[in-house]
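Structure data follow from entry21.cif (mmCIF, C-alpha atoms):
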```cif
data_entry
#
loop_
_atom_site.label_atom_id
_atom_site.label_comp_id
_atom_site.auth_asym_id
_atom_site.auth_seq_id
_atom_site.Cartn_x
_atom_site.Cartn_y
_atom_site.Cartn_z
CA MET A 1 21.74 -8.57 1.80
CA THR A 2 20.82 -11.84 0.14
CA THR A 3 23.50 -13.57 -1.95
CA THR A 4 21.14 -15.06 -4.56
CA PRO A 5 18.46 -12.77 -6.00
CA LEU A 6 14.84 -13.70 -5.39
CA GLN A 7 13.28 -14.55 -8.75
CA TRP A 8 9.98 -12.81 -9.41
CA GLY A 9 6.99 -13.32 -11.64
CA ILE A 10 4.47 -10.51 -12.11
CA LEU A 11 0.84 -11.49 -12.26
CA SER A 12 -0.73 -8.65 -14.30
CA ALA A 13 0.54 -6.38 -17.03
CA GLY A 14 -1.00 -3.13 -15.84
CA HIS A 15 0.32 0.29 -14.86
CA ILE A 16 1.42 -0.48 -11.30
CA ALA A 17 2.95 -3.78 -12.40
CA ARG A 18 5.18 -1.85 -14.80
CA LYS A 19 6.25 0.49 -12.01
CA PHE A 20 7.16 -2.50 -9.87
CA ALA A 21 9.07 -4.15 -12.72
CA THR A 22 10.96 -0.95 -13.48
CA ASP A 23 11.99 -0.39 -9.87
CA LEU A 24 13.00 -4.03 -9.45
CA GLN A 25 15.87 -3.34 -11.84
CA SER A 26 17.62 -1.20 -9.21
CA SER A 27 17.65 -4.04 -6.68
CA ARG A 28 20.55 -6.45 -6.13
CA ASN A 29 18.30 -8.74 -4.09
CA ASN A 30 15.65 -9.36 -6.74
CA ARG A 31 15.35 -10.33 -10.39
CA LEU A 32 12.32 -10.31 -12.67
CA VAL A 33 12.07 -13.52 -14.71
CA ALA A 34 8.46 -13.72 -15.94
CA VAL A 35 5.20 -11.85 -16.40
CA ALA A 36 1.67 -13.07 -17.04
CA SER A 37 -1.46 -11.55 -18.48
CA ARG A 38 -4.81 -12.96 -19.48
CA HIS A 39 -3.87 -12.00 -23.05
CA ASP A 40 -0.75 -13.27 -24.81
CA ALA A 41 -0.14 -9.99 -26.62
CA ASP A 42 -0.20 -7.95 -23.41
CA ALA A 43 2.22 -10.29 -21.68
CA ALA A 44 4.55 -10.27 -24.68
CA ALA A 45 4.51 -6.46 -24.94
CA PHE A 46 5.31 -6.17 -21.23
CA ALA A 47 8.10 -8.76 -21.38
CA ASN A 48 9.71 -7.04 -24.35
CA GLU A 49 10.31 -3.96 -22.18
CA PHE A 50 12.59 -5.92 -19.85
CA ASP A 51 15.58 -8.04 -20.82
CA GLY A 52 15.36 -11.78 -20.25
CA VAL A 53 11.74 -11.83 -19.06
CA ARG A 54 9.42 -14.62 -20.22
CA ALA A 55 5.79 -13.95 -21.14
CA HIS A 56 2.93 -16.21 -20.03
CA GLY A 57 -0.54 -15.96 -21.52
CA SER A 58 -2.28 -17.04 -18.31
CA TYR A 59 -1.85 -16.58 -14.60
CA ALA A 60 -1.86 -20.34 -14.10
CA ALA A 61 1.10 -20.70 -16.45
CA LEU A 62 3.09 -18.19 -14.40
CA LEU A 63 2.40 -20.12 -11.21
CA ALA A 64 3.56 -23.31 -12.93
CA ASP A 65 6.87 -21.70 -13.96
CA PRO A 66 9.54 -23.48 -11.87
CA GLU A 67 11.93 -20.52 -12.04
CA VAL A 68 9.46 -18.15 -10.33
CA GLN A 69 9.98 -18.06 -6.57
CA ALA A 70 7.84 -15.04 -5.68
CA VAL A 71 4.80 -13.47 -7.30
CA TYR A 72 3.78 -9.83 -7.37
CA ILE A 73 0.00 -9.60 -7.75
CA GLY A 74 -1.08 -6.39 -9.44
CA THR A 75 -4.57 -7.37 -10.57
CA LEU A 76 -7.70 -5.42 -9.69
CA HIS A 77 -8.93 -5.78 -6.11
CA PRO A 78 -11.53 -8.56 -6.58
CA TRP A 79 -8.92 -11.02 -7.88
CA HIS A 80 -6.32 -10.54 -5.16
CA ALA A 81 -7.67 -13.29 -2.91
CA GLU A 82 -8.13 -15.89 -5.65
CA TRP A 83 -4.64 -15.58 -7.08
CA ALA A 84 -2.81 -15.10 -3.81
CA ILE A 85 -4.34 -18.36 -2.59
CA GLU A 86 -3.46 -20.10 -5.86
CA ALA A 87 0.10 -18.78 -5.62
CA ALA A 88 0.43 -20.07 -2.07
CA ARG A 89 -0.79 -23.49 -3.20
CA ALA A 90 1.87 -23.41 -5.90
CA GLY A 91 4.52 -22.73 -3.27
CA LYS A 92 5.20 -19.15 -4.38
CA HIS A 93 5.84 -16.26 -2.03
CA VAL A 94 3.37 -13.41 -2.53
CA LEU A 95 3.58 -9.63 -2.56
CA CYS A 96 0.02 -8.46 -3.20
CA GLU A 97 -1.02 -4.93 -4.07
CA LYS A 98 -2.99 -2.95 -1.55
CA PRO A 99 -5.61 -3.41 -0.33
CA LEU A 100 -4.70 -7.04 0.25
CA ALA A 101 -8.35 -8.02 -0.26
CA LEU A 102 -11.83 -6.58 -0.67
CA ASN A 103 -12.63 -7.29 2.96
CA LEU A 104 -11.43 -8.87 6.17
CA ALA A 105 -12.87 -12.31 5.43
CA ASP A 106 -10.96 -12.60 2.16
CA ALA A 107 -7.75 -11.36 3.80
CA GLN A 108 -8.08 -14.01 6.47
CA ARG A 109 -8.44 -16.71 3.82
CA MET A 110 -5.29 -15.48 2.07
CA ILE A 111 -3.28 -15.51 5.27
CA ALA A 112 -4.58 -18.96 6.15
CA ALA A 113 -3.37 -20.24 2.75
CA ALA A 114 0.06 -18.68 3.22
CA ARG A 115 0.32 -20.21 6.68
CA GLU A 116 -0.79 -23.65 5.44
CA HIS A 117 1.72 -23.73 2.60
CA GLY A 118 4.57 -22.03 4.45
CA VAL A 119 5.04 -19.11 2.06
CA LEU A 120 5.52 -15.43 2.69
CA LEU A 121 2.60 -13.08 2.10
CA MET A 122 2.81 -9.30 2.33
CA GLU A 123 0.50 -6.42 1.47
CA ALA A 124 2.28 -4.00 -0.87
CA PHE A 125 2.15 -0.68 0.97
CA MET A 126 5.35 0.53 -0.66
CA TYR A 127 5.49 3.87 1.19
CA ARG A 128 5.95 2.00 4.49
CA PHE A 129 9.50 1.01 3.46
CA HIS A 130 10.70 4.32 2.03
CA PRO A 131 13.39 6.24 4.00
CA GLN A 132 10.98 9.18 4.40
CA THR A 133 8.46 7.05 6.30
CA LEU A 134 11.21 5.54 8.42
CA LYS A 135 12.39 9.04 9.32
CA ILE A 136 8.88 10.21 10.24
CA ALA A 137 8.42 7.18 12.49
CA GLU A 138 11.78 7.87 14.16
CA LEU A 139 10.84 11.51 14.82
CA VAL A 140 7.60 10.41 16.47
CA ARG A 141 9.24 7.67 18.55
CA SER A 142 11.98 9.99 19.78
CA GLY A 143 9.49 12.57 21.01
CA HIS A 144 10.29 15.44 18.64
CA VAL A 145 6.66 16.57 18.71
CA GLY A 146 6.01 15.56 22.31
CA GLU A 147 2.93 13.42 22.86
CA VAL A 148 1.04 12.84 19.62
CA ARG A 149 -2.51 14.16 19.78
CA VAL A 150 -3.88 14.45 16.21
CA ILE A 151 -2.99 12.85 12.88
CA ARG A 152 -4.38 14.23 9.64
CA ALA A 153 -3.93 12.39 6.36
CA SER A 154 -5.54 12.75 2.95
CA PHE A 155 -5.24 11.09 -0.44
CA ASN A 156 -7.42 12.70 -3.09
CA PHE A 157 -7.40 13.17 -6.84
CA ALA A 158 -9.96 14.15 -9.48
CA ALA A 159 -10.77 11.57 -12.17
CA ASP A 160 -13.35 12.08 -14.90
CA PHE A 161 -16.33 9.80 -14.54
CA ASP A 162 -16.12 6.67 -16.67
CA PRO A 163 -18.64 3.94 -15.82
CA GLY A 164 -16.33 1.27 -17.22
CA HIS A 165 -13.25 2.35 -15.28
CA ARG A 166 -12.29 0.35 -12.21
CA LEU A 167 -12.68 3.43 -9.95
CA PHE A 168 -16.39 3.63 -10.75
CA ASN A 169 -17.24 -0.04 -11.19
CA LYS A 170 -18.42 -1.94 -8.11
CA GLY A 171 -17.80 -5.24 -9.86
CA LEU A 172 -14.12 -4.26 -10.11
CA GLY A 173 -13.87 -3.18 -6.48
CA GLY A 174 -14.26 0.50 -7.30
CA GLY A 175 -14.46 3.32 -4.77
CA ALA A 176 -12.23 5.81 -3.02
CA ILE A 177 -11.94 4.06 0.35
CA LEU A 178 -10.37 0.88 -1.02
CA ASP A 179 -8.33 2.55 -3.74
CA VAL A 180 -6.75 5.44 -1.82
CA GLY A 181 -8.42 5.64 1.62
CA CYS A 182 -6.34 2.64 2.62
CA TYR A 183 -3.26 4.89 2.63
CA PRO A 184 -4.40 7.51 5.18
CA MET A 185 -5.77 4.71 7.36
CA SER A 186 -2.47 2.83 7.17
CA PHE A 187 -0.50 6.01 7.92
CA ALA A 188 -2.64 6.92 10.93
CA ARG A 189 -2.34 3.40 12.35
CA LEU A 190 1.43 3.45 11.83
CA ILE A 191 1.91 6.80 13.58
CA ALA A 192 -0.50 6.01 16.42
CA GLY A 193 1.46 2.83 17.01
CA GLN A 194 4.85 4.55 16.90
CA ALA A 195 3.57 7.12 19.40
CA SER A 196 2.95 4.34 21.91
CA GLY A 197 6.10 2.32 21.21
CA ARG A 198 4.49 -0.21 18.89
CA THR A 199 4.71 -0.87 15.16
CA PHE A 200 1.03 -0.02 14.63
CA ALA A 201 -2.22 0.59 16.49
CA ASN A 202 -5.84 -0.15 15.67
CA PRO A 203 -8.71 2.33 16.16
CA THR A 204 -10.74 2.06 19.32
CA ALA A 205 -13.56 3.95 17.58
CA LEU A 206 -14.14 4.98 13.97
CA HIS A 207 -16.88 7.06 12.35
CA GLY A 208 -17.14 7.58 8.60
CA VAL A 209 -19.17 9.60 6.13
CA GLY A 210 -18.98 9.82 2.37
CA ARG A 211 -20.71 10.52 -0.90
CA ILE A 212 -21.95 7.70 -3.12
CA HIS A 213 -21.81 8.40 -6.86
CA SER A 214 -25.37 8.60 -8.14
CA VAL A 215 -24.68 6.43 -11.19
CA ALA A 216 -21.79 4.16 -10.22
CA GLN A 217 -22.93 3.59 -6.64
CA THR A 218 -19.30 3.62 -5.53
CA ASP A 219 -17.92 5.99 -2.90
CA GLU A 220 -16.37 8.95 -4.72
CA PHE A 221 -15.09 10.72 -1.61
CA ALA A 222 -15.19 9.98 2.10
CA SER A 223 -13.94 11.17 5.46
CA ALA A 224 -13.37 9.40 8.76
CA VAL A 225 -12.46 10.29 12.31
CA ALA A 226 -10.86 7.69 14.53
CA SER A 227 -9.53 7.40 18.06
CA PHE A 228 -6.55 5.30 19.09
CA PRO A 229 -5.08 4.12 22.40
CA GLY A 230 -3.35 6.89 24.29
CA GLY A 231 -5.86 9.53 23.30
CA VAL A 232 -4.60 9.93 19.72
CA LEU A 233 -7.19 11.15 17.21
CA ALA A 234 -7.07 10.91 13.41
CA GLU A 235 -8.85 12.86 10.68
CA LEU A 236 -8.76 11.05 7.34
CA SER A 237 -10.03 11.82 3.86
CA CYS A 238 -9.96 10.21 0.43
CA GLY A 239 -11.50 10.89 -2.93
CA THR A 240 -11.39 10.08 -6.62
CA THR A 241 -13.45 13.03 -7.93
CA ILE A 242 -12.17 15.89 -5.79
CA LEU A 243 -9.28 18.32 -6.21
CA ASP A 244 -7.56 18.09 -2.86
CA ASP A 245 -4.09 17.32 -1.67
CA GLN A 246 -2.21 14.17 -0.76
CA SER A 247 -0.53 15.11 2.49
CA ALA A 248 -0.20 14.28 6.17
CA GLN A 249 0.36 16.19 9.40
CA ILE A 250 1.21 14.91 12.88
CA TYR A 251 0.38 17.24 15.77
CA GLY A 252 1.81 16.86 19.27
CA THR A 253 2.19 18.71 22.53
CA ASP A 254 5.62 20.15 21.59
CA GLY A 255 5.41 20.52 17.82
CA TRP A 256 4.11 19.11 14.57
CA ILE A 257 5.36 17.45 11.40
CA ASP A 258 4.19 18.43 7.92
CA VAL A 259 4.59 15.75 5.24
CA PRO A 260 3.78 17.13 1.78
CA THR A 261 4.18 13.79 -0.04
CA PRO A 262 3.52 10.92 2.37
CA PHE A 263 2.34 8.15 0.06
CA LEU A 264 4.35 8.46 -3.17
CA PRO A 265 7.75 9.70 -1.97
CA GLY A 266 10.60 9.91 -4.44
CA GLN A 267 8.46 9.40 -7.53
CA GLY A 268 10.28 10.42 -10.67
CA GLY A 269 13.59 10.59 -8.83
CA ARG A 270 12.70 13.69 -6.84
CA ASP A 271 14.05 14.53 -3.40
CA GLU A 272 11.52 14.98 -0.60
CA VAL A 273 11.25 17.39 2.29
CA ILE A 274 9.39 17.11 5.59
CA TRP A 275 9.01 20.04 7.98
CA LEU A 276 9.40 19.86 11.74
CA HIS A 277 7.68 22.70 13.60
CA LYS A 278 8.81 23.06 17.23
CA ARG A 279 7.10 24.97 20.01
CA GLY A 280 8.69 28.40 20.32
CA ASP A 281 10.57 28.24 17.00
CA ALA A 282 9.39 30.74 14.39
CA THR A 283 11.01 28.84 11.53
CA PRO A 284 10.38 25.13 10.95
CA GLU A 285 13.29 22.74 10.54
CA LYS A 286 13.68 21.44 6.99
CA ILE A 287 14.46 17.73 6.90
CA ALA A 288 15.61 16.63 3.46
CA ILE A 289 15.08 13.08 2.25
CA ASP A 290 17.53 12.73 -0.61
CA HIS A 291 16.62 10.61 -3.57
CA LEU A 292 18.55 7.37 -3.40
CA ALA A 293 19.46 4.87 -6.10
CA HIS A 294 16.32 2.82 -5.50
CA GLY A 295 12.86 3.38 -6.92
CA LEU A 296 9.87 3.59 -4.58
CA TYR A 297 8.83 -0.01 -5.18
CA THR A 298 12.33 -1.41 -4.73
CA TYR A 299 12.24 -1.03 -0.96
CA GLU A 300 9.25 -3.34 -0.46
CA ALA A 301 10.72 -5.96 -2.80
CA ASP A 302 14.00 -5.88 -0.89
CA ALA A 303 12.11 -6.33 2.38
CA VAL A 304 10.40 -9.41 0.94
CA ALA A 305 13.69 -10.82 -0.32
CA GLU A 306 15.36 -10.37 3.07
CA ALA A 307 12.46 -12.05 4.85
CA VAL A 308 12.42 -14.97 2.43
CA ALA A 309 16.18 -15.40 2.83
CA SER A 310 15.72 -15.63 6.60
CA GLY A 311 12.96 -18.22 6.27
CA ALA A 312 10.20 -15.89 7.49
CA THR A 313 6.64 -15.87 6.20
CA GLU A 314 5.96 -12.32 7.43
CA VAL A 315 7.86 -9.06 7.00
CA PRO A 316 8.32 -7.35 10.39
CA ALA A 317 7.45 -3.88 9.06
CA MET A 318 4.22 -5.11 7.43
CA THR A 319 2.89 -8.08 9.39
CA TRP A 320 -0.31 -10.03 8.89
CA ASP A 321 -1.83 -8.51 12.02
CA ASP A 322 -1.04 -5.04 10.69
CA THR A 323 -2.76 -5.83 7.39
CA LEU A 324 -5.79 -7.36 9.11
CA GLY A 325 -6.15 -4.29 11.31
CA ASN A 326 -6.13 -1.99 8.31
CA ILE A 327 -8.68 -3.99 6.35
CA ALA A 328 -10.96 -4.28 9.39
CA ALA A 329 -10.85 -0.47 9.73
CA LEU A 330 -11.64 -0.07 6.02
CA ASP A 331 -14.60 -2.45 6.41
CA THR A 332 -15.91 -0.28 9.23
CA TRP A 333 -15.44 2.89 7.16
CA ARG A 334 -17.23 1.36 4.16
CA ARG A 335 -20.14 0.18 6.27
CA ALA A 336 -20.56 3.68 7.69
CA VAL A 337 -20.65 5.15 4.18
CA GLY A 338 -22.89 2.38 2.80
CA VAL A 339 -20.53 0.64 0.36
CA LYS A 340 -21.05 -3.09 -0.09
CA TYR A 341 -19.53 -5.35 -2.72
CA ASP A 342 -21.04 -8.42 -4.35
CA GLY A 343 -20.97 -11.43 -2.08
CA GLU A 344 -20.59 -9.46 1.14
#
```
What would you get if you wrote out this structure as structure tokens?
Amino acid sequence: MTTTPLQWGILSAGHIARKFATDLQSSRNNRLVAVASRHDADAAAFANEFDGVRAHGSYAALLADPEVQAVYIGTLHPWHAEWAIEAARAGKHVLCEKPLALNLADAQRMIAAAREHGVLLMEAFMYRFHPQTLKIAELVRSGHVGEVRVIRASFNFAADFDPGHRLFNKGLGGGAILDVGCYPMSFARLIAGQASGRTFANPTALHGVGRIHSVAQTDEFASAVASFPGGVLAELSCGTTILDDQSAQIYGTDGWIDVPTPFLPGQGGRDEVIWLHKRGDATPEKIAIDHLAHGLYTYEADAVAEAVASGATEVPAMTWDDTLGNIAALDTWRRAVGVKYDGE
């Protein structure tokens, strides 16, 4: 536990930024001091929701704020790289929303900037730090399902088509793979790594298919199959226009784990349950994950604060190599489906 809270500025005044700001209030390691938007009124409205928070009418002004030690970047995907690099140049630590960047090349530039300026940079996969994910990883490592053979993970939801919405706008980094496909890919890589005694693993082969929206030309739903070291296979799906679930299953030689809510655990203060099915047992074991005092986004902020306090520029549970592996896999998936963004 750090003795002095890490002082945060939020770069964006959108929906996820508000979730992060709200959950930061339950942390003893972190304190929100400022928020920035491209519009003064939006920044002021956001700041008024939280006591003692200053509003900045530009991102540059936030980075010039001497009280801000760390920046949470919640902008749309195409602006992650630009502002993470600017934040690093300003000497600010960076927690950047997933996916870290549009592609591998941009992610590499961001990491190079963090390395050059000696600041921490982490991709904000908040589910990775939740007690439910830690428990799942422990079950896999300790052999509760035997040798892992197949991982299935899906993140789908149905949104109405709106050509101006970020989900359906290529200029805003739209598409299912980047927006939600990054989660199943991250989960599969985490579990495949845990199965072999590592923190993550990268696919040895990956094949993807998907449907491109006829008007937006973004991927509206997609599937992928991947193989990992040790003979582990993964079946992944994502979508923004399809009514399907958001779940994960891990199948092994001695049992399997059913995770009904893998990516947004504890939302709204709810308790979670995972189910452990063992060979020969007619009834699965119910493993309860009680709701704790922290919000979902608090855990990742605390991990950043602890790393900063120790002088680290990477968080062990979400390293730069882990992030680069995920984005490289997403690049491969997008190429297979035929999704290409401007400048690529």
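Across the structure, CA of Tyr251 in chain A and CA of Ala222 in chain A are spaced 22.0 Å apart.
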Can you list, as a PyMOL selection string, every protein, DNA or RNA residue that comes within 9 Å of Ile16 in chain A when you count only C-alpha atoms, leaving out same-chain residues fewer than 5 positions away?
-> chain A and resi 21+74+97
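The space between CA of Trp8 in chain A and CA of Leu134 in chain A spans 25.6 Å.
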Just the residues within 8 Å of range 60-71 of chain A, please, counting only C-alpha atoms, with nothing from its chain fewer than 4 positions along; format it as a PyMOL selection string.
-> chain A and resi 6-11+33-36+56+86-87+90-95
Ser237 in chain A: which residues within 10 Å, counting all atoms listed in the file, same-chain residues fewer than 2 positions away excluded, as a PyMOL selection string?
-> chain A and resi 152-156+176-177+180-185+208-210+221-225+235+239+244-246
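If you measure from each of A:Pro5, A:Val273, A:Gly14, A:Ala328 to Ala101 in chain A using only C-alpha atoms, the closest one turns out to be A:Ala328.
Residue nearest Ala312 in chain A within the list A:Val119, A:Val259, A:Thr75, A:Ala105: A:Val119 [criterion: smallest interatomic distance, all atoms listed in the file].
What the PyMOL selection byres ((chain A and resi 76) around 9) picks from this file is Ser12, Ile73, Gly74, Thr75, His77, Pro78, Trp79, His80, Glu97, Arg166, Leu172 and Gly173 of chain A.
For the file shown, the residue list from the PyMOL selection byres ((chain A and resi 250) around 9) reads A:Val140, A:Val145, A:Val148, A:Arg149, A:Val150, A:Ile151, A:Arg152, A:Ala153, A:Ile191, A:Ala248, A:Gln249, A:Tyr251, A:Gly252, A:Gly255, A:Trp256, A:Ile257, A:Asp258, A:Val259.
Once the PyMOL selection byres ((chain A and resi 305) around 8) is applied to the depicted file, the selected set reads A:Thr2, A:Pro5, A:Leu6, A:Asn29, A:Asn30, A:Ala301, A:Asp302, A:Ala303, A:Val304, A:Glu306, A:Ala307, A:Val308, A:Ala309.
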